[in-house]
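Novice: So here's final05.cif (mmCIF, C-alpha atoms).
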data_structure
#
loop_
_atom_site.label_atom_id
_atom_site.label_comp_id
_atom_site.auth_asym_id
_atom_site.auth_seq_id
_atom_site.Cartn_x
_atom_site.Cartn_y
_atom_site.Cartn_z
CA MET A 1 16.72 -81.10 -32.73
CA ASP A 2 13.68 -80.97 -35.06
CA ALA A 3 12.73 -77.99 -37.26
CA ASN A 4 10.03 -76.73 -34.90
CA GLN A 5 12.37 -76.73 -31.90
CA SER A 6 15.06 -74.98 -33.93
CA SER A 7 12.57 -72.33 -34.99
CA GLU A 8 11.45 -71.78 -31.39
CA ASN A 9 15.06 -71.41 -30.26
CA GLY A 10 15.66 -68.89 -33.03
CA VAL A 11 12.66 -66.80 -31.99
CA ALA A 12 13.82 -66.88 -28.36
CA ALA A 13 17.27 -65.66 -29.40
CA VAL A 14 15.75 -62.78 -31.35
CA ASP A 15 13.58 -61.83 -28.37
CA ARG A 16 16.64 -61.78 -26.10
CA ALA A 17 18.65 -59.72 -28.58
CA ILE A 18 15.82 -57.20 -28.76
CA ALA A 19 15.72 -57.07 -24.95
CA ILE A 20 19.42 -56.10 -24.97
CA LEU A 21 18.83 -53.33 -27.51
CA GLN A 22 15.81 -52.07 -25.58
CA ALA A 23 17.85 -51.90 -22.37
CA MET A 24 20.59 -49.93 -24.11
CA THR A 25 18.08 -47.60 -25.74
CA THR A 26 16.39 -46.91 -22.40
CA GLN A 27 19.67 -46.32 -20.60
CA ALA A 28 21.16 -44.21 -23.44
CA THR A 29 24.63 -44.41 -21.84
CA PRO A 30 27.47 -46.96 -22.04
CA MET A 31 26.56 -50.12 -20.15
CA ALA A 32 28.78 -52.72 -18.53
CA LEU A 33 27.99 -56.41 -18.91
CA ALA A 34 26.75 -56.50 -15.32
CA ASP A 35 24.38 -53.60 -16.04
CA LEU A 36 22.96 -55.44 -19.03
CA ALA A 37 22.52 -58.59 -16.96
CA ARG A 38 20.53 -56.68 -14.33
CA SER A 39 18.41 -54.87 -16.94
CA THR A 40 17.57 -57.91 -19.05
CA GLY A 41 17.62 -60.72 -16.49
CA LEU A 42 19.90 -62.72 -18.80
CA TYR A 43 22.99 -64.70 -17.76
CA LYS A 44 26.29 -63.11 -18.69
CA SER A 45 27.23 -66.12 -20.85
CA THR A 46 24.01 -65.69 -22.81
CA LEU A 47 24.61 -61.95 -23.11
CA LEU A 48 28.12 -62.43 -24.46
CA ARG A 49 26.91 -64.87 -27.10
CA LEU A 50 24.14 -62.53 -28.27
CA ILE A 51 26.31 -59.42 -28.08
CA ALA A 52 28.84 -61.08 -30.41
CA SER A 53 26.13 -61.40 -33.07
CA LEU A 54 24.90 -57.85 -32.47
CA GLU A 55 28.46 -56.55 -32.80
CA LYS A 56 28.85 -58.29 -36.17
CA ALA A 57 25.70 -56.49 -37.32
CA SER A 58 27.09 -53.18 -35.99
CA LEU A 59 24.06 -52.82 -33.73
CA ILE A 60 26.31 -52.80 -30.65
CA ALA A 61 29.89 -51.62 -30.25
CA ARG A 62 32.35 -52.44 -27.44
CA ARG A 63 34.36 -49.54 -26.02
CA ALA A 64 37.98 -49.68 -24.87
CA ASP A 65 36.87 -49.78 -21.22
CA GLY A 66 34.76 -52.90 -21.89
CA SER A 67 31.37 -51.19 -21.78
CA TYR A 68 28.86 -51.41 -24.60
CA VAL A 69 27.09 -48.74 -26.66
CA LEU A 70 24.72 -48.78 -29.59
CA GLY A 71 26.59 -49.29 -32.86
CA PRO A 72 26.56 -47.34 -36.15
CA TYR A 73 23.88 -49.50 -37.76
CA ALA A 74 21.47 -48.52 -34.99
CA TYR A 75 22.03 -44.92 -36.09
CA GLN A 76 21.34 -45.87 -39.72
CA LEU A 77 18.11 -47.55 -38.67
CA GLY A 78 17.08 -44.39 -36.86
CA ARG A 79 17.81 -42.28 -39.93
CA ALA A 80 15.82 -44.67 -42.11
CA TYR A 81 12.92 -44.60 -39.65
CA GLU A 82 12.87 -40.80 -39.68
CA ALA A 83 13.07 -40.68 -43.48
CA THR A 84 10.29 -43.22 -43.92
CA HIS A 85 7.93 -41.49 -41.52
CA HIS A 86 8.70 -38.10 -43.07
CA LEU A 87 7.77 -39.53 -46.44
CA VAL A 88 4.47 -40.84 -45.10
CA GLU A 89 3.68 -37.53 -43.38
CA VAL A 90 4.29 -35.63 -46.62
CA LEU A 91 2.62 -38.06 -48.99
CA ARG A 92 -0.47 -39.22 -47.14
CA PRO A 93 -2.42 -35.92 -47.56
CA ILE A 94 -1.24 -35.64 -51.18
CA LEU A 95 -2.51 -39.12 -52.02
CA ALA A 96 -5.73 -38.46 -50.12
CA GLU A 97 -6.29 -35.31 -52.19
CA LEU A 98 -5.80 -37.31 -55.40
CA VAL A 99 -8.41 -39.86 -54.34
CA ALA A 100 -10.77 -37.02 -53.36
CA GLN A 101 -10.54 -35.86 -56.99
CA ASP A 102 -12.22 -39.13 -58.04
CA THR A 103 -9.06 -40.73 -59.38
CA GLU A 104 -8.17 -44.41 -59.13
CA SER A 105 -6.49 -45.72 -55.97
CA ALA A 106 -3.35 -43.77 -55.06
CA SER A 107 -0.14 -45.35 -53.81
CA PHE A 108 3.52 -44.53 -53.37
CA HIS A 109 6.23 -46.98 -54.38
CA VAL A 110 9.92 -47.02 -53.43
CA TYR A 111 12.92 -49.14 -54.37
CA ASP A 112 13.30 -52.32 -52.30
CA SER A 113 15.81 -54.53 -54.13
CA SER A 114 17.19 -55.26 -57.58
CA ASN A 115 13.95 -56.98 -58.56
CA ALA A 116 11.28 -55.50 -56.30
CA ARG A 117 9.61 -52.25 -55.29
CA LEU A 118 7.73 -51.64 -52.06
CA CYS A 119 4.26 -50.12 -51.81
CA LEU A 120 4.97 -47.76 -48.92
CA LEU A 121 1.56 -46.12 -48.78
CA ARG A 122 -1.86 -46.84 -50.32
CA ILE A 123 -5.24 -45.11 -50.25
CA ASP A 124 -8.13 -46.88 -51.96
CA SER A 125 -10.35 -45.05 -54.41
CA HIS A 126 -14.10 -44.65 -53.97
CA HIS A 127 -14.85 -47.06 -56.83
CA SER A 128 -16.61 -50.31 -56.04
CA THR A 129 -13.99 -52.39 -57.88
CA LEU A 130 -10.29 -52.00 -57.08
CA ASP A 131 -6.94 -53.53 -57.91
CA ARG A 132 -5.45 -55.59 -55.11
CA ILE A 133 -2.48 -53.70 -53.68
CA ASP A 134 -1.82 -52.93 -50.03
CA ALA A 135 0.84 -50.95 -48.18
CA GLY A 136 3.72 -53.30 -47.48
CA ASP A 137 3.31 -55.33 -50.67
CA LEU A 138 6.39 -56.11 -52.74
CA LEU A 139 5.82 -55.78 -56.49
CA PRO A 140 8.03 -56.43 -59.52
CA LEU A 141 10.52 -53.69 -60.32
CA ASP A 142 10.55 -54.51 -64.02
CA ARG A 143 6.77 -54.35 -64.53
CA GLY A 144 4.22 -51.61 -63.84
CA ALA A 145 4.31 -47.84 -64.24
CA ALA A 146 5.95 -47.10 -60.86
CA GLY A 147 8.57 -49.80 -61.43
CA LYS A 148 9.45 -48.30 -64.83
CA LEU A 149 10.12 -44.91 -63.26
CA ILE A 150 12.19 -46.23 -60.36
CA THR A 151 14.28 -48.24 -62.84
CA ARG A 152 14.58 -45.26 -65.21
CA PHE A 153 15.98 -42.86 -62.63
CA ARG A 154 17.60 -44.84 -59.82
CA SER A 155 21.40 -44.60 -60.06
CA THR A 156 21.26 -43.80 -63.79
CA GLY A 157 22.12 -40.09 -63.69
CA LEU A 158 19.17 -39.31 -65.94
CA ALA A 159 18.01 -35.73 -65.47
CA PRO A 160 14.28 -35.42 -64.78
CA LYS A 161 12.29 -33.58 -67.44
CA LEU A 162 8.56 -33.18 -67.83
CA SER A 163 8.83 -35.53 -70.83
CA ASN A 164 10.33 -38.43 -68.85
CA VAL A 165 8.83 -38.32 -65.35
CA THR A 166 5.58 -40.12 -66.25
CA ALA A 167 4.79 -43.71 -67.17
CA VAL A 168 1.73 -45.78 -68.05
CA SER A 169 1.24 -49.53 -67.77
CA LEU A 170 -1.68 -51.48 -69.20
CA GLY A 171 -1.88 -55.08 -68.04
CA GLU A 172 1.87 -55.49 -67.45
CA ARG A 173 1.90 -56.71 -63.85
CA ASP A 174 -1.69 -57.97 -63.89
CA SER A 175 -3.56 -58.45 -67.16
CA ASN A 176 -6.70 -56.89 -65.62
CA CYS A 177 -5.04 -53.84 -64.06
CA ALA A 178 -3.47 -50.60 -65.25
CA ALA A 179 -1.71 -47.60 -63.77
CA VAL A 180 -0.29 -44.17 -64.44
CA ALA A 181 2.66 -43.01 -62.35
CA VAL A 182 4.82 -39.94 -61.86
CA ALA A 183 8.28 -39.86 -60.28
CA VAL A 184 9.01 -37.92 -57.09
CA PHE A 185 12.47 -36.49 -56.39
CA GLY A 186 14.43 -35.36 -53.36
CA PRO A 187 17.62 -33.34 -52.90
CA GLY A 188 20.08 -33.57 -55.79
CA ASN A 189 17.35 -34.76 -58.15
CA GLN A 190 17.60 -38.25 -56.68
CA ILE A 191 14.41 -40.25 -57.17
CA VAL A 192 12.57 -40.93 -53.92
CA GLY A 193 9.81 -43.05 -55.43
CA ALA A 194 6.74 -42.80 -57.62
CA ILE A 195 3.11 -41.82 -57.11
CA SER A 196 0.84 -44.33 -58.82
CA LEU A 197 -2.85 -44.25 -59.68
CA SER A 198 -4.01 -47.80 -60.37
CA GLY A 199 -7.18 -49.77 -60.91
CA PRO A 200 -9.05 -52.06 -63.32
CA LYS A 201 -7.74 -51.70 -66.88
CA GLU A 202 -11.21 -51.21 -68.33
CA ARG A 203 -11.44 -47.75 -66.74
CA PHE A 204 -8.15 -46.58 -68.24
CA THR A 205 -9.44 -44.93 -71.39
CA ASN A 206 -7.22 -42.42 -73.20
CA LYS A 207 -9.27 -39.60 -71.67
CA ALA A 208 -8.94 -41.04 -68.15
CA ILE A 209 -5.20 -41.60 -68.56
CA SER A 210 -4.68 -38.02 -69.73
CA LYS A 211 -6.70 -36.59 -66.83
CA MET A 212 -5.02 -38.72 -64.15
CA THR A 213 -1.55 -38.03 -65.54
CA LYS A 214 -2.15 -34.29 -65.15
CA GLN A 215 -3.46 -34.78 -61.62
CA ALA A 216 -0.52 -36.99 -60.66
CA LEU A 217 1.97 -34.48 -62.14
CA ILE A 218 0.61 -31.76 -59.86
CA ALA A 219 0.78 -34.10 -56.87
CA ALA A 220 4.34 -35.22 -57.68
CA SER A 221 5.47 -31.62 -58.12
CA GLU A 222 4.11 -30.74 -54.67
CA ALA A 223 5.67 -33.83 -53.09
CA THR A 224 9.04 -33.16 -54.72
CA GLN A 225 9.17 -29.58 -53.45
CA LEU A 226 8.14 -30.62 -49.92
CA LEU A 227 10.87 -33.30 -49.90
CA GLY A 228 13.58 -30.85 -50.90
CA GLY A 229 13.77 -31.67 -54.59
CA HIS A 230 13.53 -29.46 -57.66
CA TRP A 231 10.63 -30.14 -60.00
CA PRO A 232 11.59 -29.87 -63.69
CA GLY A 233 10.40 -26.66 -65.27
CA SER A 234 9.69 -24.92 -61.95
#
For this file, produce the structure as structure tokens.

Specialist:
Amino acid sequence: MDANQSSENGVAAVDRAIAILQAMTTQATPMALADLARSTGLYKSTLLRLIASLEKASLIARRADGSYVLGPYAYQLGRAYEATHHLVEVLRPILAELVAQDTESASFHVYDSSNARLCLLRIDSHHSTLDRIDAGDLLPLDRGAAGKLITRFRSTGLAPKLSNVTAVSLGERDSNCAAVAVAVFGPGNQIVGAISLSGPKERFTNKAISKMTKQALIAASEATQLLGGHWPGS
């Protein structure tokens, strides 16, 4: 079997696995193997092979009576979906308001892995020249203002204070770009992510940095309170 054929078979298997999950989500009750076969149009032998993989991933669980239900990881995915969309609902108008104040482009960054952060949301500024960041981009965790803050607070136990919730980067990730960022917190003073204002480094004068830091502090305070956190000094 060549690489292309293997890839096609892999995609087909994923499509079939998704069909099983969709059938179980629609039914929302325990389903026997025969029920799944009728709902998906798949042979029972194929179903059993795919279900074994889905069980290992905790997406499906087998009950004592032999029927199948959605597994605990499906619940975790649902919780993550709700949390992500709640973040976007809270943050989008806050970032939009920052951009309306003639700041640089506003974005929100969250932890992704030990070496990367995810740009969850981005609203471009009204300037004719911009830095190149889009929602969905993965960026270095160890470089850039937002990355500094996520590293500073995530799982470190550091208490947020007005003196440590801001960061500035000048040409760290990209020699032509700069950013100011402010951390955002949720319940228990756990960092949720960081609001970042970024753009071409040439526009980041001391005066501009000071102004945008103040604007971002107000925005992060509002976001923190809406997300159930406690803003330092409030």

Novice: The PyMOL selection byres ((chain A and resi 141) around 7) on the file shown: which residues, as a PyMOL selection string?

Specialist: chain A and resi 115-117+139-140+142-143+147

Novice: For the selection just defined, write its residues with C-alpha atoms to a file, as a PDB file, keeping the file's coordinate frame.

Specialist:
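The resulting file, out28.pdb, is shown below:
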ATOM      1  CA  ASN A 115      13.950 -56.980 -58.560  1.00  0.00           C
ATOM      2  CA  ALA A 116      11.280 -55.500 -56.300  1.00  0.00           C
ATOM      3  CA  ARG A 117       9.610 -52.250 -55.290  1.00  0.00           C
ATOM      4  CA  LEU A 139       5.820 -55.780 -56.490  1.00  0.00           C
ATOM      5  CA  PRO A 140       8.030 -56.430 -59.520  1.00  0.00           C
ATOM      6  CA  ASP A 142      10.550 -54.510 -64.020  1.00  0.00           C
ATOM      7  CA  ARG A 143       6.770 -54.350 -64.530  1.00  0.00           C
ATOM      8  CA  GLY A 147       8.570 -49.800 -61.430  1.00  0.00           C
TER       9      GLY A 147
END

Novice: Distance cut-off 12 Å, centre (17.8, -54.0, -26.5) in file coordinates, counting all atoms listed in the file: which residues qualify? Return them as a PyMOL selection string.

Specialist: chain A and resi 14-28+31+36-37+39-40+42+47+50-51+54+59-60+68-71+74

Novice: For Leu48 in chain A, which residue out of A:Arg173, A:Lys207, A:Arg62, A:Lys148 is the nearest one, using only C-alpha atoms?

Specialist: A:Arg62

Novice: Report, in Å to a single decimal, how far apart CA of Ala178 in chain A and CA of Glu202 in chain A are.

Specialist: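 According to the coordinates, CA of Glu202 in chain A and CA of Ala178 in chain A are separated by 8.4 Å.
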
Novice: Rank A:Leu95, A:Leu118, A:Leu158, A:Ile133 by their smallest atom-to-atom distance to Gly188 in chain A, using only C-alpha atoms, and report the top residue only.

Specialist: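 Going through A:Leu95, A:Leu118, A:Leu158, A:Ile133 one by one, the smallest distance to Gly188 in chain A is for A:Leu158.
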
Novice: For a cut-off of 9 Å around (-3.9, -53.8, -61.0), file coordinates, pick out all residues using all atoms listed in the file and list them as a list in words.

Specialist: Leu130, Asp131, Arg132, Ile133, Gly144, Leu170, Gly171, Glu172, Arg173, Asp174, Ser175, Asn176, Cys177, Ala178, Ala179, Ser198, Gly199, Pro200 and Lys201 of chain A

Novice: At a cut-off of 10 Å, using all atoms listed in the file, what residues contact range 193-197 of chain A? Leave out same-chain residues fewer than 5 positions from it and give the result as a PyMOL selection string.

Specialist: chain A and resi 87+91+94-95+98-99+103-111+117-125+144-150+153-154+165-168+178-186+209+212-213+215-217+219-220+223-224

Novice: Of the candidates A:Ser234, A:Ser210, A:Thr151, A:Ser53, which one gets nearest to Val192 in chain A if we count all atoms listed in the file?

Specialist: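 Of A:Ser234, A:Ser210, A:Thr151, A:Ser53, the one nearest Val192 in chain A, counting all atoms listed in the file, is A:Thr151.
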
Novice: Smallest atom-to-atom distance to Ser67 in chain A: which of A:Gly157, A:Gly136, A:Pro232, A:Pro30, using only C-alpha atoms?

Specialist: A:Pro30

Novice: Of the candidates A:Trp231, A:Tyr81, A:Tyr43, A:Tyr73, which shows the shortest atom-to-atom distance to Lys161 in chain A, using all atoms listed in the file?

Specialist: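 Nearest candidate to Lys161 in chain A out of A:Trp231, A:Tyr81, A:Tyr43, A:Tyr73: A:Trp231.
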
Novice: Please measure the separation of CA of Gly228 in chain A and CA of Leu162 in chain A, giving the value in Å to one decimal.

Specialist: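 According to the coordinates, CA of Gly228 in chain A and CA of Leu162 in chain A are separated by 17.8 Å.
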
Novice: Which residue out of A:Pro93, A:Ala32, A:Ser169, A:Arg49 has the minimum interatomic distance to Ala13 in chain A when all atoms listed in the file are used?

Specialist: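 Closest residue, counting all atoms listed in the file: A:Arg49.
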
Novice: Would you mind reading off the distance between CA of Gly233 in chain A and CA of Gln190 in chain A, one decimal, in Å?

Specialist: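 Atom-to-atom, CA of Gly233 in chain A to CA of Gln190 in chain A, that is 16.1 Å.
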
Novice: Take range 138-158 of chain A, bring it up to N, CA, C and O atoms, and give me the output as a PDB file, in the frame of the given file.

Specialist:
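As a result, out37.pdb now contains:
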ATOM      1  N   LEU A 138       5.258 -56.175 -51.831  1.00  0.00           N
ATOM      2  CA  LEU A 138       6.390 -56.110 -52.740  1.00  0.00           C
ATOM      3  C   LEU A 138       5.910 -56.460 -54.139  1.00  0.00           C
ATOM      4  O   LEU A 138       5.234 -57.471 -54.344  1.00  0.00           O
ATOM      5  N   LEU A 139       6.270 -55.619 -55.110  1.00  0.00           N
ATOM      6  CA  LEU A 139       5.820 -55.780 -56.490  1.00  0.00           C
ATOM      7  C   LEU A 139       7.030 -55.812 -57.408  1.00  0.00           C
ATOM      8  O   LEU A 139       8.113 -55.323 -57.044  1.00  0.00           O
ATOM      9  N   PRO A 140       6.885 -56.345 -58.610  1.00  0.00           N
ATOM     10  CA  PRO A 140       8.030 -56.430 -59.520  1.00  0.00           C
ATOM     11  C   PRO A 140       8.576 -55.051 -59.887  1.00  0.00           C
ATOM     12  O   PRO A 140       7.819 -54.115 -60.110  1.00  0.00           O
ATOM     13  N   LEU A 141       9.897 -54.957 -59.933  1.00  0.00           N
ATOM     14  CA  LEU A 141      10.520 -53.690 -60.320  1.00  0.00           C
ATOM     15  C   LEU A 141      10.505 -53.501 -61.824  1.00  0.00           C
ATOM     16  O   LEU A 141      10.527 -52.375 -62.319  1.00  0.00           O
ATOM     17  N   ASP A 142      10.452 -54.601 -62.563  1.00  0.00           N
ATOM     18  CA  ASP A 142      10.550 -54.510 -64.020  1.00  0.00           C
ATOM     19  C   ASP A 142       9.187 -54.462 -64.721  1.00  0.00           C
ATOM     20  O   ASP A 142       9.121 -54.459 -65.949  1.00  0.00           O
ATOM     21  N   ARG A 143       8.095 -54.421 -63.934  1.00  0.00           N
ATOM     22  CA  ARG A 143       6.770 -54.350 -64.530  1.00  0.00           C
ATOM     23  C   ARG A 143       5.920 -53.346 -63.747  1.00  0.00           C
ATOM     24  O   ARG A 143       6.008 -53.270 -62.531  1.00  0.00           O
ATOM     25  N   GLY A 144       5.072 -52.602 -64.478  1.00  0.00           N
ATOM     26  CA  GLY A 144       4.220 -51.610 -63.840  1.00  0.00           C
ATOM     27  C   GLY A 144       4.795 -50.216 -63.992  1.00  0.00           C
ATOM     28  O   GLY A 144       6.004 -50.018 -64.121  1.00  0.00           O
ATOM     29  N   ALA A 145       3.907 -49.225 -63.989  1.00  0.00           N
ATOM     30  CA  ALA A 145       4.310 -47.840 -64.240  1.00  0.00           C
ATOM     31  C   ALA A 145       5.310 -47.331 -63.197  1.00  0.00           C
ATOM     32  O   ALA A 145       6.323 -46.709 -63.535  1.00  0.00           O
ATOM     33  N   ALA A 146       5.038 -47.572 -61.914  1.00  0.00           N
ATOM     34  CA  ALA A 146       5.950 -47.100 -60.860  1.00  0.00           C
ATOM     35  C   ALA A 146       7.306 -47.778 -60.974  1.00  0.00           C
ATOM     36  O   ALA A 146       8.351 -47.139 -60.804  1.00  0.00           O
ATOM     37  N   GLY A 147       7.310 -49.066 -61.266  1.00  0.00           N
ATOM     38  CA  GLY A 147       8.570 -49.800 -61.430  1.00  0.00           C
ATOM     39  C   GLY A 147       9.393 -49.247 -62.584  1.00  0.00           C
ATOM     40  O   GLY A 147      10.627 -49.147 -62.496  1.00  0.00           O
ATOM     41  N   LYS A 148       8.738 -48.898 -63.684  1.00  0.00           N
ATOM     42  CA  LYS A 148       9.450 -48.300 -64.830  1.00  0.00           C
ATOM     43  C   LYS A 148      10.199 -47.047 -64.422  1.00  0.00           C
ATOM     44  O   LYS A 148      11.349 -46.826 -64.816  1.00  0.00           O
ATOM     45  N   LEU A 149       9.522 -46.193 -63.638  1.00  0.00           N
ATOM     46  CA  LEU A 149      10.120 -44.910 -63.260  1.00  0.00           C
ATOM     47  C   LEU A 149      11.285 -45.099 -62.292  1.00  0.00           C
ATOM     48  O   LEU A 149      12.324 -44.439 -62.408  1.00  0.00           O
ATOM     49  N   ILE A 150      11.112 -45.982 -61.319  1.00  0.00           N
ATOM     50  CA  ILE A 150      12.190 -46.230 -60.360  1.00  0.00           C
ATOM     51  C   ILE A 150      13.420 -46.773 -61.102  1.00  0.00           C
ATOM     52  O   ILE A 150      14.558 -46.354 -60.857  1.00  0.00           O
ATOM     53  N   THR A 151      13.194 -47.694 -62.044  1.00  0.00           N
ATOM     54  CA  THR A 151      14.280 -48.240 -62.840  1.00  0.00           C
ATOM     55  C   THR A 151      14.917 -47.172 -63.729  1.00  0.00           C
ATOM     56  O   THR A 151      16.142 -47.123 -63.898  1.00  0.00           O
ATOM     57  N   ARG A 152      14.098 -46.291 -64.281  1.00  0.00           N
ATOM     58  CA  ARG A 152      14.580 -45.260 -65.210  1.00  0.00           C
ATOM     59  C   ARG A 152      15.516 -44.272 -64.525  1.00  0.00           C
ATOM     60  O   ARG A 152      16.510 -43.850 -65.126  1.00  0.00           O
ATOM     61  N   PHE A 153      15.228 -43.931 -63.271  1.00  0.00           N
ATOM     62  CA  PHE A 153      15.980 -42.860 -62.630  1.00  0.00           C
ATOM     63  C   PHE A 153      16.965 -43.307 -61.561  1.00  0.00           C
ATOM     64  O   PHE A 153      17.920 -42.597 -61.269  1.00  0.00           O
ATOM     65  N   ARG A 154      16.739 -44.465 -60.948  1.00  0.00           N
ATOM     66  CA  ARG A 154      17.600 -44.840 -59.820  1.00  0.00           C
ATOM     67  C   ARG A 154      19.012 -45.164 -60.284  1.00  0.00           C
ATOM     68  O   ARG A 154      19.255 -46.080 -61.053  1.00  0.00           O
ATOM     69  N   SER A 155      19.970 -44.386 -59.802  1.00  0.00           N
ATOM     70  CA  SER A 155      21.400 -44.600 -60.060  1.00  0.00           C
ATOM     71  C   SER A 155      21.753 -44.573 -61.544  1.00  0.00           C
ATOM     72  O   SER A 155      22.743 -45.192 -61.965  1.00  0.00           O
ATOM     73  N   THR A 156      20.973 -43.878 -62.358  1.00  0.00           N
ATOM     74  CA  THR A 156      21.260 -43.800 -63.790  1.00  0.00           C
ATOM     75  C   THR A 156      21.829 -42.441 -64.187  1.00  0.00           C
ATOM     76  O   THR A 156      22.385 -42.305 -65.282  1.00  0.00           O
ATOM     77  N   GLY A 157      21.652 -41.418 -63.343  1.00  0.00           N
ATOM     78  CA  GLY A 157      22.120 -40.090 -63.690  1.00  0.00           C
ATOM     79  C   GLY A 157      21.221 -39.356 -64.663  1.00  0.00           C
ATOM     80  O   GLY A 157      21.548 -38.247 -65.112  1.00  0.00           O
ATOM     81  N   LEU A 158      20.091 -39.953 -65.006  1.00  0.00           N
ATOM     82  CA  LEU A 158      19.170 -39.310 -65.940  1.00  0.00           C
ATOM     83  C   LEU A 158      18.541 -38.086 -65.297  1.00  0.00           C
ATOM     84  O   LEU A 158      18.011 -38.154 -64.185  1.00  0.00           O
TER      85      LEU A 158
END
